[in-house]
$ cat upload34.txt   # compact mmCIF, C-alpha atoms and all ligand atoms
# COMPACT_ATOMS: atom_id res chain seq x y z
CA MET O 1 -9.02 5.01 13.71
CA LYS O 2 -10.92 7.62 11.65
CA THR O 3 -14.05 6.60 9.79
CA VAL O 4 -15.09 8.63 6.75
CA ILE O 5 -18.64 8.47 5.36
CA THR O 6 -19.95 9.63 2.00
CA PHE O 7 -23.19 9.28 0.06
CA GLY O 8 -24.20 9.05 -3.60
CA THR O 9 -25.94 7.07 -6.32
CA PHE O 10 -22.80 5.99 -8.21
CA ASP O 11 -24.83 5.06 -11.31
CA VAL O 12 -22.94 4.38 -14.57
CA PHE O 13 -19.72 4.34 -12.55
CA HIS O 14 -17.10 6.80 -13.87
CA SER O 15 -13.69 8.28 -13.02
CA GLY O 16 -15.23 11.20 -11.08
CA HIS O 17 -16.63 8.56 -8.72
CA VAL O 18 -13.23 6.87 -8.40
CA ASN O 19 -11.63 10.23 -7.57
CA ILE O 20 -14.05 11.19 -4.82
CA LEU O 21 -13.86 7.73 -3.27
CA ARG O 22 -10.05 7.80 -3.31
CA ARG O 23 -9.86 11.30 -1.84
CA SER O 24 -12.47 10.47 0.81
CA ARG O 25 -10.59 7.33 1.86
CA GLU O 26 -7.34 9.32 2.10
CA MET O 27 -8.97 11.55 4.74
CA GLY O 28 -9.20 8.68 7.23
CA ASP O 29 -8.57 4.99 7.85
CA ARG O 30 -11.86 3.53 6.73
CA LEU O 31 -14.48 4.56 4.13
CA VAL O 32 -18.16 3.77 4.48
CA VAL O 33 -20.43 4.61 1.51
CA GLY O 34 -24.20 5.12 1.64
CA ILE O 35 -25.56 4.25 -1.80
CA SER O 36 -28.99 5.61 -2.80
CA SER O 37 -31.76 3.06 -3.19
CA ASP O 38 -33.43 3.00 -6.62
CA GLN O 39 -36.48 4.74 -5.10
CA LEU O 40 -34.37 7.46 -3.48
CA ASN O 41 -32.56 8.08 -6.77
CA PHE O 42 -35.92 8.40 -8.55
CA SER O 43 -37.14 10.93 -6.01
CA LYS O 44 -33.88 12.96 -6.23
CA LYS O 45 -33.27 12.90 -9.99
CA GLY O 46 -36.66 12.09 -11.52
CA ARG O 47 -35.39 8.97 -13.30
CA ASN O 48 -34.55 5.40 -12.45
CA PRO O 49 -30.85 4.60 -12.29
CA VAL O 50 -29.45 2.80 -15.33
CA TYR O 51 -27.87 0.19 -13.08
CA PRO O 52 -30.12 -1.22 -10.35
CA LEU O 53 -29.04 -1.09 -6.72
CA ARG O 54 -27.49 -4.58 -6.65
CA SER O 55 -25.22 -3.82 -9.61
CA ARG O 56 -24.20 -0.43 -8.24
CA MET O 57 -23.37 -2.06 -4.89
CA ASN O 58 -21.43 -4.82 -6.62
CA ILE O 59 -19.21 -2.23 -8.33
CA LEU O 60 -18.67 -0.18 -5.16
CA HIS O 61 -17.68 -3.32 -3.21
CA ALA O 62 -14.98 -3.96 -5.82
CA ILE O 63 -13.37 -0.53 -5.34
CA ARG O 64 -10.24 -0.77 -3.20
CA TYR O 65 -10.96 2.52 -1.38
CA VAL O 66 -14.35 1.34 -0.13
CA ASP O 67 -14.47 -0.63 3.12
CA GLN O 68 -18.23 -0.85 3.64
CA VAL O 69 -21.40 -0.12 1.67
CA PHE O 70 -24.93 0.34 2.99
CA VAL O 71 -28.19 1.43 1.37
CA GLU O 72 -29.36 5.02 1.88
CA GLU O 73 -33.14 4.72 1.91
CA SER O 74 -33.97 8.32 2.78
CA LEU O 75 -32.25 11.72 2.72
CA ASP O 76 -33.83 12.42 6.10
CA LEU O 77 -31.83 9.71 7.87
CA LYS O 78 -28.30 11.17 7.36
CA ARG O 79 -27.84 11.92 11.06
CA GLU O 80 -28.88 8.36 12.00
CA TYR O 81 -26.51 6.87 9.37
CA ILE O 82 -23.57 9.01 10.57
CA ILE O 83 -24.16 7.90 14.17
CA GLU O 84 -24.82 4.25 13.30
CA HIS O 85 -21.54 3.99 11.34
CA GLN O 86 -19.59 6.02 13.95
CA ALA O 87 -18.32 8.35 11.24
CA ASP O 88 -15.76 11.00 12.20
CA ILE O 89 -15.87 12.85 8.87
CA LEU O 90 -18.69 13.38 6.36
CA VAL O 91 -17.33 14.03 2.86
CA MET O 92 -19.48 15.25 -0.03
CA GLY O 93 -18.79 16.66 -3.49
CA ASP O 94 -18.92 20.45 -3.59
CA ASP O 95 -22.19 20.35 -5.53
CA TRP O 96 -23.50 19.92 -1.96
CA LYS O 97 -21.43 22.76 -0.45
CA GLY O 98 -23.05 24.25 2.66
CA LYS O 99 -25.91 21.71 2.67
CA PHE O 100 -24.67 19.55 5.55
CA GLU O 101 -23.52 22.10 8.13
CA GLU O 102 -26.19 20.81 10.53
CA PHE O 103 -24.09 17.68 11.18
CA LYS O 104 -21.06 19.60 12.45
CA ASP O 105 -22.16 18.84 16.01
CA ILE O 106 -21.47 15.12 15.51
CA CYS O 107 -18.65 14.96 12.88
CA GLU O 108 -16.35 17.01 10.67
CA VAL O 109 -18.02 18.05 7.39
CA LYS O 110 -15.85 18.41 4.27
CA TYR O 111 -16.71 19.22 0.65
CA LEU O 112 -14.35 18.08 -2.12
CA PRO O 113 -14.22 19.66 -5.58
CA ARG O 114 -15.94 17.61 -8.27
CA THR O 115 -13.89 16.17 -11.11
CA PRO O 116 -14.57 18.52 -14.05
CA SER O 117 -16.46 17.56 -17.20
CA ILE O 118 -17.89 14.19 -16.21
CA SER O 119 -21.19 13.11 -14.71
CA THR O 120 -23.63 10.24 -14.98
CA THR O 121 -26.22 12.56 -16.51
CA GLU O 122 -23.77 13.71 -19.19
CA ILE O 123 -22.74 10.12 -20.05
CA ILE O 124 -26.42 9.14 -20.46
CA GLU O 125 -26.96 12.13 -22.79
CA VAL O 126 -23.91 11.18 -24.90
CA ILE O 127 -25.08 7.56 -25.22
CA LYS O 128 -28.61 8.69 -26.18
CA ASP O 129 -27.16 10.78 -29.02
CA ILE O 130 -25.21 7.90 -30.57
CA GLU O 131 -26.98 6.95 -33.80
N1 LIG O 201 -18.75 13.40 -8.15
C1 LIG O 201 -17.52 14.05 -8.33
N2 LIG O 201 -17.13 14.43 -9.59
C2 LIG O 201 -17.93 14.20 -10.66
C3 LIG O 201 -19.18 13.54 -10.50
C4 LIG O 201 -19.55 13.15 -9.20
O1 LIG O 201 -16.78 14.29 -7.37
N3 LIG O 201 -17.54 14.60 -11.85
C5 LIG O 201 -19.15 13.03 -6.79
C6 LIG O 201 -20.41 13.78 -6.34
O2 LIG O 201 -20.08 15.07 -5.88
C7 LIG O 201 -20.90 12.86 -5.23
C8 LIG O 201 -20.46 11.46 -5.70
O3 LIG O 201 -19.50 11.67 -6.75
O4 LIG O 201 -20.24 13.19 -4.01
C9 LIG O 201 -21.62 10.64 -6.24
O5 LIG O 201 -22.28 11.45 -7.20
P1 LIG O 201 -23.49 10.98 -8.09
O6 LIG O 201 -24.61 11.94 -7.94
O7 LIG O 201 -23.78 9.56 -7.86
O8 LIG O 201 -22.82 11.12 -9.56
P2 LIG O 201 -23.03 12.18 -10.70
O9 LIG O 201 -22.12 11.83 -11.83
O10 LIG O 201 -22.92 13.59 -10.15
O11 LIG O 201 -24.52 11.88 -11.13
P3 LIG O 201 -25.65 12.79 -11.84
O12 LIG O 201 -25.09 13.31 -13.12
O13 LIG O 201 -26.79 11.83 -12.04
O14 LIG O 201 -26.00 13.89 -10.85
$ encode --input "upload34.txt" --output "structure tokens" --more "lines below"
Ligand code: CTP
Amino acid sequence: MKTVITFGTFDVFHSGHVNILRRSREMGDRLVVGISSDQLNFSKKGRNPVYPLRSRMNILHAIRYVDQVFVEESLDLKREYIIEHQADILVMGDDWKGKFEEFKDICEVKYLPRTPSISTTEIIEVIKDIE
């Protein structure tokens, strides 16, 4: 039984999110997702998420590839989260390539290519521009 873990904000849920969740789940038997708290998202991206934590969690729970969701309160707790959830593989989008090598002592670390031409930030910009 292989457990895969991944992390993200998953705000304004889009098909790039579906793709990474599907591909992550295919790497093992069970997918656990750490979803950024609203505060963590603010500290990472300098803005509040459009959808608050409860709504983002609600959507993730409804995705068939996701077996469990927990709240990521701090970027500094990754090691603890990996151990707590007994993850065998950490999967991240390749925007994070090379950033998680330090966890190779406790799990496999894989980076998957991002889906081109879509991101939460871009969707927000497009919506802002609609007259
Ligand atoms: N992701 C992806 N392909 C995309 C967008 C996101 O594979 N086109 C992945 C990221 O690499 C990450 C996960 O989805 O592993 C969650 O990313 P998140 O930061 O929540 O989404 P983004 O759309 O990248 O958000 P933003 O534009 O705010 O950075």
$ residues_near_ligand --input "upload34.txt" --ligand "ligand LIG 201 (chain O)" --cutoff "6 Å" --atoms "only C-alpha atoms and all ligand atoms" --output "list in words"
Gly8, Thr9, Phe10, Asp11, Gly16, His17, Ile20, Met92, Gly93, Asp94, Asp95, Arg114, Thr115, Pro116, Ile118, Ser119, Thr120 and Thr121 of chain O
$ closest_residue --input "upload34.txt" --among "O:Gly46, O:Gly98, O:Gly34, O:Pro52" --to "Val71 of chain O" --atoms "all atoms listed in the file"
O:Gly34
$ closest_residue --input "upload34.txt" --among "O:Leu40, O:Ile127, O:Val91, O:Val33" --to "Glu73 of chain O" --atoms "all atoms listed in the file"
O:Leu40
$ closest_residue --input "upload34.txt" --among "O:Val18, O:His85, O:Leu75, O:Gln68" --to "Lys99 of chain O" --atoms "all atoms listed in the file"
O:Leu75
$ atom_distance --input "upload34.txt" --atom1 "atom CA of Val32 of chain O" --atom2 "atom CA of Arg47 of chain O"
25.3 Å
$ atom_distance --input "upload34.txt" --atom1 "atom CA of Asn41 of chain O" --atom2 "atom CA of Ser24 of chain O"
21.6 Å
$ closest_residue --input "upload34.txt" --among "O:Leu77, O:Leu90, O:Ile59, O:Val50" --to "Thr6 of chain O" --atoms "only C-alpha atoms"
O:Leu90
$ atom_distance --input "upload34.txt" --atom1 "atom CA of Val12 of chain O" --atom2 "atom CA of Glu26 of chain O"
23.4 Å
$ closest_residue --input "upload34.txt" --among "O:Met57, O:Ile63, O:Ile106, O:Ile35" --to "Ala87 of chain O" --atoms "only C-alpha atoms"
O:Ile106
$ closest_residue --input "upload34.txt" --among "O:His14, O:Leu31, O:Lys2, O:Phe7" --to "Trp96 of chain O" --atoms "all atoms listed in the file"
O:Phe7
